[in-house]
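Working notes, structure below.
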Amino acid sequence: MHKKSMIAKKVSTICLILITVIIIISFSVSIYGLEKTYTNTLGMEFVLVPSGTFTMGSPPNESHRGTSEVRHQVTISKPFYMQTTEVTLGQWHSIMGRRVLLRRKGSDNMPVTRVSWFDCMKFIKRLNKLGKEKYRLPTEAEWEYAARAGTKSPFSWGDTIDCDKAMYGNNSLKHDVCQLYVKSIKLEINQPAPVKSYQPNPWGLFDMHGNVWEWCMDWYGDYGTKPVIDPKGPESGNMRIRRGGSWFKYGHSCRSANRSFGHSATRYQTTGFRLVREIP
């Protein structure tokens, strides 16, 4: 009996220690704001992206590789929250209102499009005035790091893209390769899909490949070849970075490393954005 009592006491002590450790860890996570997910008052969902190092750009043998996709080592030194979806029409209207001019039609869960880089800045400025959180566009390096989600292949799921993996090729006039599939899952042709229509990447981010191009913070410019930490692109330029591909054309444009750009004032029907929430 004495031996059983001693064992029971040891088990009880171990359990108490484990519970204490769990409470301490949970408390530490809570006070530093590092919960795995976060939802703000507008219903915008964010997922925690850890710090880390990855190879940005693409290898020379990657199909449809662009000449500007020079491979180089990038370190993201701090974790951040990335919005799980593109900013939706509902979220846009809740901040910017419903203007008669440039009225954007569609359901609240559609990604907002025809927004310039300057429009994104206005949205972010108004959003930041609502509370203590600080939001911004992702840098190009943060965007690719989050899109890859720890993978090294052209797409977060592998080497090739299929119509069931992402929204692309949904244009009757330009590239209609996926329209039969789009119809089969009861989505509309000749436009993007509602957010979360396709599976997320390994880090829980939806539509990093396809649906709509996404504005990044950076000016467009050539990469260097040396390792860098938290790069922010050139200090000035003529064009801003867009990433991710879209419903409008080709699947290879949706590669993690693919780069595009546009003038800051242009409102493309294929382009939207998603946000980063900074961790203090």
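Naming works like this for the structure tokens: A, B, ... for the chains as they're shown, residue 1 at the start of each chain, ligands 1 onward in shown order.
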Could you produce a table of the residues of segment 84-183 of chain A lying within 7 Å of segment 241-265 of chain A, with the nearest pair of atoms per residue and their separation in Å rounded to one decimal, using only C-alpha atoms, ordered by chain and increasing residue number, as a tab-separated table?
residue	atom	partner	partner_atom	distance
A:Ser116	CA	A:Ala265	CA	5.1
A:Trp117	CA	A:Ser264	CA	4.8
A:Phe118	CA	A:Ser264	CA	6.0
A:Glu144	CA	A:Ser256	CA	6.0
A:Ala147	CA	A:Ser256	CA	6.0
A:Arg148	CA	A:Ser256	CA	6.1
A:Pro154	CA	A:Arg255	CA	5.2
A:Phe155	CA	A:Arg255	CA	5.4
A:Ile161	CA	A:Gly251	CA	6.3
A:Met167	CA	A:Trp247	CA	5.2
A:Tyr168	CA	A:Trp247	CA	3.8
A:Gly169	CA	A:Lys249	CA	4.8
A:Asn170	CA	A:Trp247	CA	5.4
A:Asn171	CA	A:Phe248	CA	5.4
A:Lys174	CA	A:Lys249	CA	6.5
A:His175	CA	A:Lys249	CA	5.3
Env of Pro59 of chain A: 12 Å cut, atoms = only C-alpha atoms, seq-sep filter 4 positions within chain, self excluded. Answer as a CSV table (one decimal) with N, CA and C atoms, in the first residue's frame.
chain,number,residue,atom,x,y,z
A,55,THR,N,14.5,30.5,-49.1
A,55,THR,CA,15.1,30.8,-50.3
A,55,THR,C,14.0,31.5,-51.2
A,63,SER,N,9.7,25.8,-64.5
A,63,SER,CA,8.9,26.1,-65.7
A,63,SER,C,8.3,27.5,-65.6
A,64,HIS,N,8.5,28.3,-66.7
A,64,HIS,CA,7.9,29.6,-66.8
A,64,HIS,C,8.6,30.6,-65.9
A,65,ARG,N,9.8,30.3,-65.5
A,65,ARG,CA,10.6,31.2,-64.6
A,65,ARG,C,10.8,32.5,-65.3
A,66,GLY,N,10.7,33.6,-64.5
A,66,GLY,CA,11.0,34.9,-65.0
A,66,GLY,C,12.5,35.3,-64.7
A,67,THR,N,13.1,36.1,-65.5
A,67,THR,CA,14.5,36.5,-65.3
A,67,THR,C,14.7,37.3,-64.0
A,68,SER,N,13.7,37.9,-63.4
A,68,SER,CA,13.8,38.7,-62.2
A,68,SER,C,13.7,37.8,-60.9
A,69,GLU,N,13.5,36.5,-61.1
A,69,GLU,CA,13.3,35.7,-59.9
A,69,GLU,C,14.6,35.1,-59.4
A,70,VAL,N,15.6,35.9,-59.2
A,70,VAL,CA,16.9,35.5,-58.8
A,70,VAL,C,16.8,34.9,-57.4
A,71,ARG,N,17.4,33.7,-57.2
A,71,ARG,CA,17.3,33.1,-55.9
A,71,ARG,C,18.3,33.7,-54.9
A,72,HIS,N,17.8,33.9,-53.7
A,72,HIS,CA,18.6,34.5,-52.6
A,72,HIS,C,18.0,34.2,-51.3
A,152,LYS,N,9.1,24.4,-51.0
A,152,LYS,CA,10.2,24.8,-52.0
A,152,LYS,C,9.7,24.6,-53.4
A,153,SER,N,8.6,24.1,-53.6
A,153,SER,CA,8.1,23.8,-55.0
A,153,SER,C,7.4,25.0,-55.6
A,154,PRO,N,7.1,25.0,-56.9
A,154,PRO,CA,6.5,26.2,-57.5
A,154,PRO,C,5.2,26.6,-56.9
A,256,SER,N,4.6,30.6,-56.6
A,256,SER,CA,5.0,31.3,-55.4
A,256,SER,C,6.0,32.4,-55.7
A,257,ALA,N,6.9,32.1,-56.7
A,257,ALA,CA,8.0,33.1,-57.0
A,257,ALA,C,7.6,34.1,-58.1
A,258,ASN,N,6.5,33.9,-58.7
A,258,ASN,CA,6.2,34.8,-59.9
A,258,ASN,C,6.0,36.2,-59.4
Computed interatomic separation between atom CA of Lys132 of chain A and atom CA of Met44 of chain A (Å): 15.1 Å
Residues within 8 Å of Gly90 of chain A, only C-alpha atoms, excluding chain neighbours under 5 positions, as an MDAnalysis selection string: chainID A and resid 107:110
Just the selected residues (C-alpha atoms), exported as a CSV table (one decimal), in the first residue's frame, please.
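Done, and the output landed in selection_30.csv:
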chain,number,residue,atom,x,y,z
A,107,SER,CA,-21.6,39.5,-52.4
A,108,ASP,CA,-19.8,40.5,-49.2
A,109,ASN,CA,-17.5,37.4,-49.4
A,110,MET,CA,-16.1,38.3,-52.8
DSSP-assigned helix (DSSP H, G or I) members of segment 6-188 of chain A, reported as a PyMOL selection string: chain A and resi 6-31+89-96+117-128+140-148+179-184
Atom CA of Tyr81 of chain A to atom CA of Leu34 of chain A, straight-line distance in Å: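 Those two atoms sit 9.0 Å apart.
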Picked from segment 9-238 of chain A by DSSP as strand (DSSP E or B), as a PyMOL selection string: chain A and resi 37-39+45-49+52-56+72-76+80-83+88+111+135-136+155+158+171+175+213-219+228-229
Writer output for current selection, N, CA and C atoms, as an mmCIF file, in the first residue's frame:
data_model
loop_
_atom_site.group_PDB
_atom_site.id
_atom_site.type_symbol
_atom_site.label_atom_id
_atom_site.label_comp_id
_atom_site.auth_asym_id
_atom_site.auth_seq_id
_atom_site.Cartn_x
_atom_site.Cartn_y
_atom_site.Cartn_z
ATOM 1 N N THR A 37 -4.320 32.306 -34.140
ATOM 2 C CA THR A 37 -5.211 33.049 -35.028
ATOM 3 C C THR A 37 -5.747 34.273 -34.306
ATOM 4 N N TYR A 38 -6.226 35.211 -35.081
ATOM 5 C CA TYR A 38 -6.774 36.442 -34.522
ATOM 6 C C TYR A 38 -7.868 36.938 -35.460
ATOM 7 N N THR A 39 -8.971 37.370 -34.895
ATOM 8 C CA THR A 39 -10.064 37.946 -35.673
ATOM 9 C C THR A 39 -10.385 39.324 -35.103
ATOM 10 N N GLU A 45 -9.962 37.764 -40.518
ATOM 11 C CA GLU A 45 -9.243 36.676 -39.863
ATOM 12 C C GLU A 45 -7.758 36.704 -40.226
ATOM 13 N N PHE A 46 -6.916 36.472 -39.233
ATOM 14 C CA PHE A 46 -5.470 36.464 -39.420
ATOM 15 C C PHE A 46 -4.886 35.196 -38.824
ATOM 16 N N VAL A 47 -3.789 34.730 -39.409
ATOM 17 C CA VAL A 47 -3.080 33.574 -38.885
ATOM 18 C C VAL A 47 -1.638 33.975 -38.617
ATOM 19 N N LEU A 48 -1.070 33.438 -37.546
ATOM 20 C CA LEU A 48 0.295 33.782 -37.162
ATOM 21 C C LEU A 48 1.297 33.132 -38.110
ATOM 22 N N VAL A 49 2.152 33.942 -38.693
ATOM 23 C CA VAL A 49 3.236 33.462 -39.552
ATOM 24 C C VAL A 49 4.526 33.559 -38.746
ATOM 25 N N GLY A 52 11.509 33.145 -39.700
ATOM 26 C CA GLY A 52 12.260 32.050 -40.302
ATOM 27 C C GLY A 52 13.077 32.510 -41.490
ATOM 28 N N THR A 53 13.790 31.576 -42.081
ATOM 29 C CA THR A 53 14.642 31.836 -43.240
ATOM 30 C C THR A 53 14.214 30.949 -44.396
ATOM 31 N N PHE A 54 14.171 31.504 -45.597
ATOM 32 C CA PHE A 54 13.791 30.726 -46.774
ATOM 33 C C PHE A 54 14.554 31.226 -47.992
ATOM 34 N N THR A 55 14.471 30.451 -49.071
ATOM 35 C CA THR A 55 15.083 30.850 -50.332
ATOM 36 C C THR A 55 14.023 31.503 -51.201
ATOM 37 N N MET A 56 14.183 32.780 -51.441
ATOM 38 C CA MET A 56 13.240 33.551 -52.255
ATOM 39 C C MET A 56 13.659 33.482 -53.723
ATOM 40 N N HIS A 72 17.806 33.938 -53.663
ATOM 41 C CA HIS A 72 18.630 34.495 -52.614
ATOM 42 C C HIS A 72 18.006 34.166 -51.264
ATOM 43 N N GLN A 73 18.824 34.142 -50.245
ATOM 44 C CA GLN A 73 18.356 33.784 -48.906
ATOM 45 C C GLN A 73 17.749 34.996 -48.202
ATOM 46 N N VAL A 74 16.570 34.797 -47.645
ATOM 47 C CA VAL A 74 15.869 35.868 -46.937
ATOM 48 C C VAL A 74 15.488 35.384 -45.542
ATOM 49 N N THR A 75 15.754 36.221 -44.567
ATOM 50 C CA THR A 75 15.335 35.937 -43.195
ATOM 51 C C THR A 75 14.226 36.907 -42.796
ATOM 52 N N ILE A 76 13.111 36.352 -42.355
ATOM 53 C CA ILE A 76 12.031 37.146 -41.758
ATOM 54 C C ILE A 76 12.248 37.066 -40.253
ATOM 55 N N PHE A 80 4.542 37.613 -37.727
ATOM 56 C CA PHE A 80 3.507 38.593 -38.043
ATOM 57 C C PHE A 80 2.209 37.858 -38.344
ATOM 58 N N TYR A 81 1.120 38.586 -38.336
ATOM 59 C CA TYR A 81 -0.173 38.000 -38.689
ATOM 60 C C TYR A 81 -0.502 38.356 -40.139
ATOM 61 N N MET A 82 -0.816 37.334 -40.922
ATOM 62 C CA MET A 82 -1.240 37.538 -42.300
ATOM 63 C C MET A 82 -2.736 37.251 -42.406
ATOM 64 N N GLN A 83 -3.459 38.108 -43.095
ATOM 65 C CA GLN A 83 -4.886 37.878 -43.289
ATOM 66 C C GLN A 83 -5.096 36.579 -44.056
ATOM 67 N N THR A 88 -12.292 41.449 -48.381
ATOM 68 C CA THR A 88 -13.550 41.201 -49.075
ATOM 69 C C THR A 88 -14.316 42.498 -49.339
ATOM 70 N N PRO A 111 -13.686 38.856 -53.086
ATOM 71 C CA PRO A 111 -12.535 39.745 -52.877
ATOM 72 C C PRO A 111 -12.774 41.083 -53.554
ATOM 73 N N TYR A 135 -2.107 47.846 -39.039
ATOM 74 C CA TYR A 135 -2.183 47.032 -40.236
ATOM 75 C C TYR A 135 -1.384 47.677 -41.371
ATOM 76 N N ARG A 136 -0.980 46.852 -42.328
ATOM 77 C CA ARG A 136 -0.245 47.335 -43.493
ATOM 78 C C ARG A 136 -0.296 46.275 -44.581
ATOM 79 N N PHE A 155 4.446 25.666 -56.384
ATOM 80 C CA PHE A 155 3.180 25.932 -55.699
ATOM 81 C C PHE A 155 3.250 25.279 -54.321
ATOM 82 N N GLY A 158 2.825 21.544 -54.672
ATOM 83 C CA GLY A 158 3.657 20.727 -55.544
ATOM 84 C C GLY A 158 4.145 21.462 -56.779
ATOM 85 N N ASN A 171 -11.531 32.793 -67.906
ATOM 86 C CA ASN A 171 -11.801 33.931 -68.778
ATOM 87 C C ASN A 171 -12.177 33.431 -70.169
ATOM 88 N N HIS A 175 -8.441 32.948 -71.559
ATOM 89 C CA HIS A 175 -7.920 31.645 -71.135
ATOM 90 C C HIS A 175 -9.016 30.936 -70.340
ATOM 91 N N TRP A 213 -4.776 39.041 -58.109
ATOM 92 C CA TRP A 213 -3.448 39.552 -57.779
ATOM 93 C C TRP A 213 -3.540 40.362 -56.493
ATOM 94 N N GLU A 214 -2.440 40.419 -55.744
ATOM 95 C CA GLU A 214 -2.442 41.128 -54.472
ATOM 96 C C GLU A 214 -1.301 42.145 -54.426
ATOM 97 N N TRP A 215 -1.660 43.375 -54.096
ATOM 98 C CA TRP A 215 -0.656 44.420 -53.949
ATOM 99 C C TRP A 215 0.267 44.123 -52.763
ATOM 100 N N CYS A 216 1.533 44.424 -52.937
ATOM 101 C CA CYS A 216 2.508 44.393 -51.835
ATOM 102 C C CYS A 216 3.014 45.807 -51.595
ATOM 103 N N MET A 217 3.753 45.997 -50.526
ATOM 104 C CA MET A 217 4.239 47.320 -50.166
ATOM 105 C C MET A 217 5.351 47.811 -51.092
ATOM 106 N N ASP A 218 6.170 46.909 -51.606
ATOM 107 C CA ASP A 218 7.423 47.263 -52.264
ATOM 108 C C ASP A 218 7.271 47.903 -53.638
ATOM 109 N N TRP A 219 8.247 48.765 -53.956
ATOM 110 C CA TRP A 219 8.479 49.142 -55.343
ATOM 111 C C TRP A 219 9.068 47.922 -56.065
ATOM 112 N N VAL A 228 19.711 38.452 -47.097
ATOM 113 C CA VAL A 228 19.168 39.696 -46.561
ATOM 114 C C VAL A 228 18.201 39.395 -45.419
ATOM 115 N N ILE A 229 17.994 40.379 -44.576
ATOM 116 C CA ILE A 229 17.064 40.259 -43.451
ATOM 117 C C ILE A 229 15.969 41.309 -43.601
#
Atom pair atom CA of Thr139 of chain A / atom CA of Gly204 of chain A: separation (Å):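 Between these atoms lies a distance of 18.8 Å.
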12 Å contact set for Lys183 of chain A, only C-alpha atoms, chain neighbours under 6 positions out, as a PyMOL selection string: chain A and resi 163-164+167+170+176-177+189-191+193
Nearby residues (only C-alpha atoms) at most 8 Å from Phe123 of chain A, same-chain spacing under 4 positions excluded, as JSON, numbers by chain: {"A": [92, 95, 96, 119, 127]}
